[in-house]
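Engineer: Let me begin by handing over the structure; questions about it come next.
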Amino acid sequence: MGQTPNKILSASRRTDIPGWYTPWFLDQIQQGYFTIKNPYNKTARRVDARPENIHSIVFWSKNFGPFIKLQADRILTDLGYKLYFNFTINSRDSLLEPGLPKLPERLNQASLLCQKFGPDKLSWRFDPICFYKINNKGLENTLGDFTMIADAMAKMGITRCVTSFYNGYKKIEARVEHLSSQGNPLVSFVDPTLEDRQKVIRRMADYLGGKNIKLHLCCEASLFAGLGHDLPGEDCKIKENACIDGKLLKHHYGGTPDTRRDYGQRSKQGCKCTKAIDIGSYEDHPCFHNCLFCYANTGIDTQIRQGRQ
């Protein structure tokens, strides 16, 4: 019989734990478990988080500052945990991401993590790509700082960039209306054509290729299928992404992580992630970065709900 795989913890697709909930996370680690709730039926279960039962922890964040300041990386590695980082760095513009530190500070955080863990333990997410209008005027996008950030990442030794295009949700419409009613600019997201998306992705991949960075698409199956692939295997400029990749984590750290495909994610849309346990909560862990395009529960969403009560 094969050995039972060790769990991979995801912290978290549902909120920014390093940015807002590092003390809570470390407290639960000290207790040796997390109590997680199913976001749909609200049933709770306990997850054993002792290091001997965890292969690795994948962190997702736009701001690792509090995580680094509290020395969470040192605390966790001293306890025996193996870490991987999904770090989203998009722009210096605060219109769509108002709650973030300045871009140079975030780039410095990425550099520190690369120095401590190696650039192969950090995946740079430039995500999502947004096209939008401000007060119904000319078309804008979030690509303005892409080459500058790519240059900085290449100097750090980063070799993976993950991207996708904006997907709309009803809660985002409510945020836009709420902020506009308070005197903020009216942001209207625009869905580019498939041809325009393909052009953007090819330009990004070409630029990154000159920096030894490969472009990976997150949940963009139809876009990926339409791009065409003139280079096979590892030489292909554009790949589909597994943001949590048990095989990659096994390559980095050995051991027996779970490498089964996670079909509970958006597999039909192209998600290639392997199984992991997400310990974040939309309900209990709102994110106060207040990114306008985010599918998670933000502080703005909480304000809107309270105003309707």
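Chain lettering (A, B, ...) mirrors the order of the structure tokens, residue numbering begins at 1 for each chain separately, and ligand numbering begins at 1 in order of display.
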As number ranges by chain, please: the residues near range 186-191 of chain A (cut-off 8 Å, only C-alpha atoms, same-chain neighbours under 2 positions excluded).
Structural biologist: A: 130-136, 166, 176-177, 179-180, 184, 193
Engineer: Convert the current residue selection to file output with C-alpha atoms, as an mmCIF file, in the first residue's frame.
Structural biologist:
data_model
loop_
_atom_site.group_PDB
_atom_site.id
_atom_site.type_symbol
_atom_site.label_atom_id
_atom_site.label_comp_id
_atom_site.auth_asym_id
_atom_site.auth_seq_id
_atom_site.Cartn_x
_atom_site.Cartn_y
_atom_site.Cartn_z
ATOM 1 C CA CYS A 130 -8.432 44.730 -15.926
ATOM 2 C CA PHE A 131 -9.806 46.977 -18.656
ATOM 3 C CA TYR A 132 -12.061 49.727 -17.370
ATOM 4 C CA LYS A 133 -13.403 53.245 -17.761
ATOM 5 C CA ILE A 134 -13.415 56.004 -15.152
ATOM 6 C CA ASN A 135 -16.593 58.080 -15.177
ATOM 7 C CA ASN A 136 -17.434 56.586 -18.600
ATOM 8 C CA TYR A 166 -10.989 40.148 -14.683
ATOM 9 C CA VAL A 176 -18.780 50.334 -7.450
ATOM 10 C CA GLU A 177 -22.225 51.814 -6.818
ATOM 11 C CA LEU A 179 -18.189 54.034 -3.678
ATOM 12 C CA SER A 180 -19.616 56.193 -6.449
ATOM 13 C CA ASN A 184 -15.525 58.354 -5.615
ATOM 14 C CA THR A 193 -12.599 40.533 -26.941
#
Engineer: Sorted by chain and rising residue number, list the residues of range 238-293 of chain A at most 8 Å from range 2-14 of chain A (counting only C-alpha atoms), each with its closest atom pair and distance in Å to one decimal, as JSON lines.
Structural biologist:
{"residue": "A:Ile244", "atom": "CA", "partner": "A:Ser10", "partner_atom": "CA", "distance": 7.9}
{"residue": "A:Gly246", "atom": "CA", "partner": "A:Ile8", "partner_atom": "CA", "distance": 7.8}
{"residue": "A:Thr256", "atom": "CA", "partner": "A:Pro5", "partner_atom": "CA", "distance": 5.0}
{"residue": "A:Pro257", "atom": "CA", "partner": "A:Asn6", "partner_atom": "CA", "distance": 4.9}
{"residue": "A:Asp258", "atom": "CA", "partner": "A:Pro5", "partner_atom": "CA", "distance": 5.0}
{"residue": "A:Lys275", "atom": "CA", "partner": "A:Ile8", "partner_atom": "CA", "distance": 7.4}
{"residue": "A:Ala276", "atom": "CA", "partner": "A:Ile8", "partner_atom": "CA", "distance": 4.8}
{"residue": "A:Ile277", "atom": "CA", "partner": "A:Leu9", "partner_atom": "CA", "distance": 4.9}
{"residue": "A:Asp278", "atom": "CA", "partner": "A:Ser10", "partner_atom": "CA", "distance": 4.4}
{"residue": "A:Ile279", "atom": "CA", "partner": "A:Ala11", "partner_atom": "CA", "distance": 5.9}
{"residue": "A:Gly280", "atom": "CA", "partner": "A:Ser12", "partner_atom": "CA", "distance": 5.3}
{"residue": "A:Ser281", "atom": "CA", "partner": "A:Arg14", "partner_atom": "CA", "distance": 5.9}
{"residue": "A:Tyr282", "atom": "CA", "partner": "A:Arg14", "partner_atom": "CA", "distance": 5.6}
Engineer: Could you write out the selected residues, including C-alpha atoms, as an mmCIF file, in the first residue's frame?
Structural biologist:
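Printed below is again-v5.cif as written:
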data_model
loop_
_atom_site.group_PDB
_atom_site.id
_atom_site.type_symbol
_atom_site.label_atom_id
_atom_site.label_comp_id
_atom_site.auth_asym_id
_atom_site.auth_seq_id
_atom_site.Cartn_x
_atom_site.Cartn_y
_atom_site.Cartn_z
ATOM 1 C CA ILE A 244 -1.105 24.992 -5.655
ATOM 2 C CA GLY A 246 1.758 19.221 -5.235
ATOM 3 C CA THR A 256 4.708 12.880 0.006
ATOM 4 C CA PRO A 257 2.393 15.840 -0.656
ATOM 5 C CA ASP A 258 -1.036 15.282 -2.120
ATOM 6 C CA LYS A 275 -5.709 19.149 -3.526
ATOM 7 C CA ALA A 276 -5.149 21.405 -0.527
ATOM 8 C CA ILE A 277 -7.058 22.513 2.556
ATOM 9 C CA ASP A 278 -7.952 26.190 2.580
ATOM 10 C CA ILE A 279 -8.084 27.501 6.147
ATOM 11 C CA GLY A 280 -9.433 30.979 5.342
ATOM 12 C CA SER A 281 -13.031 32.118 5.673
ATOM 13 C CA TYR A 282 -14.986 34.598 3.564
#
Engineer: Excluding same-chain residues fewer than 6 positions from range 214-220 of chain A, what lies within 7 Å of it counting only C-alpha atoms, as a CSV table (one decimal) with N, CA and C atoms, in the first residue's frame?
Structural biologist:
chain,number,residue,atom,x,y,z
A,159,THR,N,11.0,33.2,-11.9
A,159,THR,CA,10.9,32.6,-13.2
A,159,THR,C,9.4,32.3,-13.6
A,160,ARG,N,8.5,32.7,-12.7
A,160,ARG,CA,7.1,32.4,-13.0
A,160,ARG,C,6.2,33.6,-12.8
A,161,CYS,N,5.4,33.9,-13.8
A,161,CYS,CA,4.4,35.0,-13.7
A,161,CYS,C,3.1,34.3,-14.0
A,162,VAL,N,2.1,34.6,-13.1
A,162,VAL,CA,0.7,34.0,-13.3
A,162,VAL,C,-0.2,35.1,-13.5
A,163,THR,N,-1.1,34.9,-14.5
A,163,THR,CA,-2.1,36.0,-14.8
A,163,THR,C,-3.4,35.4,-15.2
A,164,SER,N,-4.4,36.3,-15.2
A,164,SER,CA,-5.8,36.0,-15.7
A,164,SER,C,-6.4,37.3,-16.0
A,205,ALA,N,3.9,37.5,-22.8
A,205,ALA,CA,4.8,36.3,-22.9
A,205,ALA,C,6.1,36.6,-23.6
A,208,LEU,N,8.3,38.7,-21.2
A,208,LEU,CA,8.8,37.9,-20.1
A,208,LEU,C,9.8,36.9,-20.5
A,237,LYS,N,6.1,29.0,-24.3
A,237,LYS,CA,6.2,30.3,-23.6
A,237,LYS,C,5.0,30.5,-22.7
A,238,ILE,N,3.9,29.9,-22.9
A,238,ILE,CA,2.7,30.1,-22.1
A,238,ILE,C,2.1,28.8,-21.7
A,239,LYS,N,1.8,28.7,-20.4
A,239,LYS,CA,1.4,27.4,-19.8
A,239,LYS,C,0.1,27.7,-19.0
A,240,GLU,N,-0.7,26.6,-18.7
A,240,GLU,CA,-1.7,26.7,-17.7
A,240,GLU,C,-1.1,26.5,-16.4
A,241,ASN,N,-1.7,27.2,-15.4
A,241,ASN,CA,-1.1,27.2,-14.0
A,241,ASN,C,-1.8,26.3,-13.0
A,266,ARG,N,-12.0,25.5,-10.0
A,266,ARG,CA,-12.6,25.8,-11.3
A,266,ARG,C,-11.9,25.0,-12.5
A,269,GLN,N,-12.7,25.7,-16.0
A,269,GLN,CA,-12.2,27.0,-16.5
A,269,GLN,C,-10.6,26.9,-16.7
A,270,GLY,N,-10.0,25.8,-16.4
A,270,GLY,CA,-8.6,25.6,-16.6
A,270,GLY,C,-7.8,25.5,-15.3
A,271,CYS,N,-8.4,25.5,-14.1
A,271,CYS,CA,-7.6,25.4,-12.9
A,271,CYS,C,-6.9,24.0,-12.9
Engineer: Taking the backbone alone, and naming residues the way the document does, which bits of range 10-152 of chain A are alpha helix (DSSP H) by DSSP, as a VMD selection string?
Structural biologist: chain A and resid 17 to 20 22 to 31 65 to 69 72 to 79 103 to 117 146 to 152
Engineer: Just the selected residues (C-alpha atoms), exported as a compact mmCIF listing (two decimals), in the first residue's frame, please.
Structural biologist:
# COMPACT_ATOMS: atom_id res chain seq x y z
CA ILE A 17 -4.04 35.97 5.79
CA PRO A 18 -0.42 37.27 5.69
CA GLY A 19 -1.68 40.83 5.28
CA TRP A 20 -4.43 40.81 7.93
CA THR A 22 -0.96 36.51 10.69
CA PRO A 23 -1.41 36.64 14.53
CA TRP A 24 -4.51 34.46 14.27
CA PHE A 25 -2.70 32.04 11.96
CA LEU A 26 0.29 31.69 14.30
CA ASP A 27 -2.01 31.21 17.28
CA GLN A 28 -3.78 28.34 15.53
CA ILE A 29 -0.44 26.82 14.55
CA GLN A 30 0.59 26.85 18.21
CA GLN A 31 -2.67 25.10 19.10
CA GLY A 65 4.69 43.12 5.38
CA PRO A 66 2.89 42.07 8.61
CA PHE A 67 3.95 38.44 8.03
CA ILE A 68 7.60 39.45 7.72
CA LYS A 69 7.46 41.98 10.58
CA ALA A 72 6.20 34.40 10.86
CA ASP A 73 8.48 32.93 8.21
CA ARG A 74 11.19 32.19 10.81
CA ILE A 75 8.69 30.92 13.39
CA LEU A 76 7.10 28.51 10.93
CA THR A 77 10.34 27.20 9.45
CA ASP A 78 11.78 26.71 12.96
CA LEU A 79 8.73 24.58 13.74
CA LEU A 103 4.78 49.44 -4.83
CA PRO A 104 8.48 49.79 -3.80
CA GLU A 105 7.61 48.38 -0.36
CA ARG A 106 5.87 45.38 -1.89
CA LEU A 107 8.78 44.75 -4.24
CA ASN A 108 11.10 44.87 -1.24
CA GLN A 109 8.95 42.27 0.51
CA ALA A 110 9.28 40.00 -2.52
CA SER A 111 13.04 40.50 -2.52
CA LEU A 112 13.27 39.57 1.17
CA LEU A 113 11.27 36.38 0.64
CA CYS A 114 13.47 35.46 -2.33
CA GLN A 115 16.59 35.99 -0.26
CA LYS A 116 15.27 33.82 2.58
CA PHE A 117 13.65 31.01 0.61
CA PHE A 146 3.89 45.42 -15.99
CA THR A 147 7.31 45.75 -17.63
CA MET A 148 8.76 47.66 -14.69
CA ILE A 149 7.58 44.99 -12.22
CA ALA A 150 8.77 42.23 -14.54
CA ASP A 151 12.24 43.80 -14.66
CA ALA A 152 12.35 43.90 -10.86
Engineer: Skip Thr274 in chain A itself and residues of its chain fewer than 4 positions away, then list as a count of residues only all residues within 6 Å of it, counting only C-alpha atoms.
Structural biologist: 7
Engineer: Quick one: contact table of range 66-145 of chain A to range 197-203 of chain A, 12 Å max, nearest atom pair and distance in Å to one decimal per residue, counting only C-alpha atoms, chain and number order, as CSV?
Structural biologist:
residue,atom,partner,partner_atom,distance
A:Phe126,CA,A:Ile201,CA,11.7
A:Ile129,CA,A:Val200,CA,9.4
A:Cys130,CA,A:Arg197,CA,10.6
A:Phe131,CA,A:Arg197,CA,10.4
A:Asn141,CA,A:Val200,CA,11.0
A:Thr142,CA,A:Val200,CA,11.5
A:Leu143,CA,A:Val200,CA,9.2
Engineer: Of the candidates A:Asn167, A:Thr302, A:Met153, A:Tyr81, which one gets nearest to Pro128 in chain A if we count only C-alpha atoms?
Structural biologist: A:Asn167
Engineer: Enumerate as JSON, numbers by chain all residues of range 122-197 of chain A assigned to strand (DSSP E) by DSSP on the backbone, naming them with the chain letters and numbers the document uses.
Structural biologist: {"A": [122, 123, 124, 125, 131, 132, 133, 134, 139, 140, 141, 160, 161, 162, 163, 187, 188, 189, 190]}
Engineer: Which is closer to Lys62 in chain A than all the others in A:Arg125, A:Lys268, A:Lys155, A:Arg92, using only C-alpha atoms?
Structural biologist: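 Comparing A:Arg125, A:Lys268, A:Lys155, A:Arg92 against Lys62 in chain A, the winner is A:Arg125.
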Engineer: With only C-alpha atoms as the counted atoms, please give the residues lying no more than 12 Å from Arg305 in chain A, apart from itself and same-chain residues fewer than 5 positions off, as a PyMOL selection string.
Structural biologist: chain A and resi 171+174-175+178+297-300
Engineer: Put those residues in a file: N, CA and C atoms, as a PDB file, in the first residue's frame.
Structural biologist:
ATOM      1  N   LYS A 171     -21.330  41.307  -6.501  1.00  0.00           N
ATOM      2  CA  LYS A 171     -20.861  42.094  -5.357  1.00  0.00           C
ATOM      3  C   LYS A 171     -19.940  43.230  -5.798  1.00  0.00           C
ATOM      4  N   ALA A 174     -22.036  46.139  -6.682  1.00  0.00           N
ATOM      5  CA  ALA A 174     -22.497  46.824  -5.468  1.00  0.00           C
ATOM      6  C   ALA A 174     -21.404  47.711  -4.885  1.00  0.00           C
ATOM      7  N   ARG A 175     -20.156  47.250  -4.913  1.00  0.00           N
ATOM      8  CA  ARG A 175     -19.042  48.071  -4.424  1.00  0.00           C
ATOM      9  C   ARG A 175     -18.914  49.352  -5.245  1.00  0.00           C
ATOM     10  N   HIS A 178     -21.671  51.721  -4.450  1.00  0.00           N
ATOM     11  CA  HIS A 178     -21.510  52.271  -3.105  1.00  0.00           C
ATOM     12  C   HIS A 178     -20.433  53.353  -3.088  1.00  0.00           C
ATOM     13  N   ASN A 297     -14.649  38.521   0.250  1.00  0.00           N
ATOM     14  CA  ASN A 297     -15.419  39.426   1.096  1.00  0.00           C
ATOM     15  C   ASN A 297     -14.496  40.534   1.588  1.00  0.00           C
ATOM     16  N   THR A 298     -14.774  41.769   1.184  1.00  0.00           N
ATOM     17  CA  THR A 298     -13.923  42.889   1.576  1.00  0.00           C
ATOM     18  C   THR A 298     -14.572  43.691   2.694  1.00  0.00           C
ATOM     19  N   GLY A 299     -13.807  44.605   3.256  1.00  0.00           N
ATOM     20  CA  GLY A 299     -14.358  45.499   4.263  1.00  0.00           C
ATOM     21  C   GLY A 299     -15.498  46.345   3.716  1.00  0.00           C
ATOM     22  N   ILE A 300     -15.381  46.741   2.441  1.00  0.00           N
ATOM     23  CA  ILE A 300     -16.445  47.506   1.809  1.00  0.00           C
ATOM     24  C   ILE A 300     -17.735  46.694   1.775  1.00  0.00           C
TER      25      ILE A 300
END
Engineer: Give the answer as one residue: which of A:Phe59, A:Tyr84, A:Phe64, A:Tyr33 has the shortest atom-to-atom distance to Arg45 in chain A, using only C-alpha atoms?
Structural biologist: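 Ranked by minimum distance to Arg45 in chain A, first place goes to A:Tyr33.
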Engineer: List as an NGL selection string the protein and nucleic acid residues near Phe85 in chain A, meaning an atom at most 8 Å away when only C-alpha atoms are counted, but skip any in the same chain fewer than 6 places from it.
Structural biologist: :A and (58-61 or 121-123)
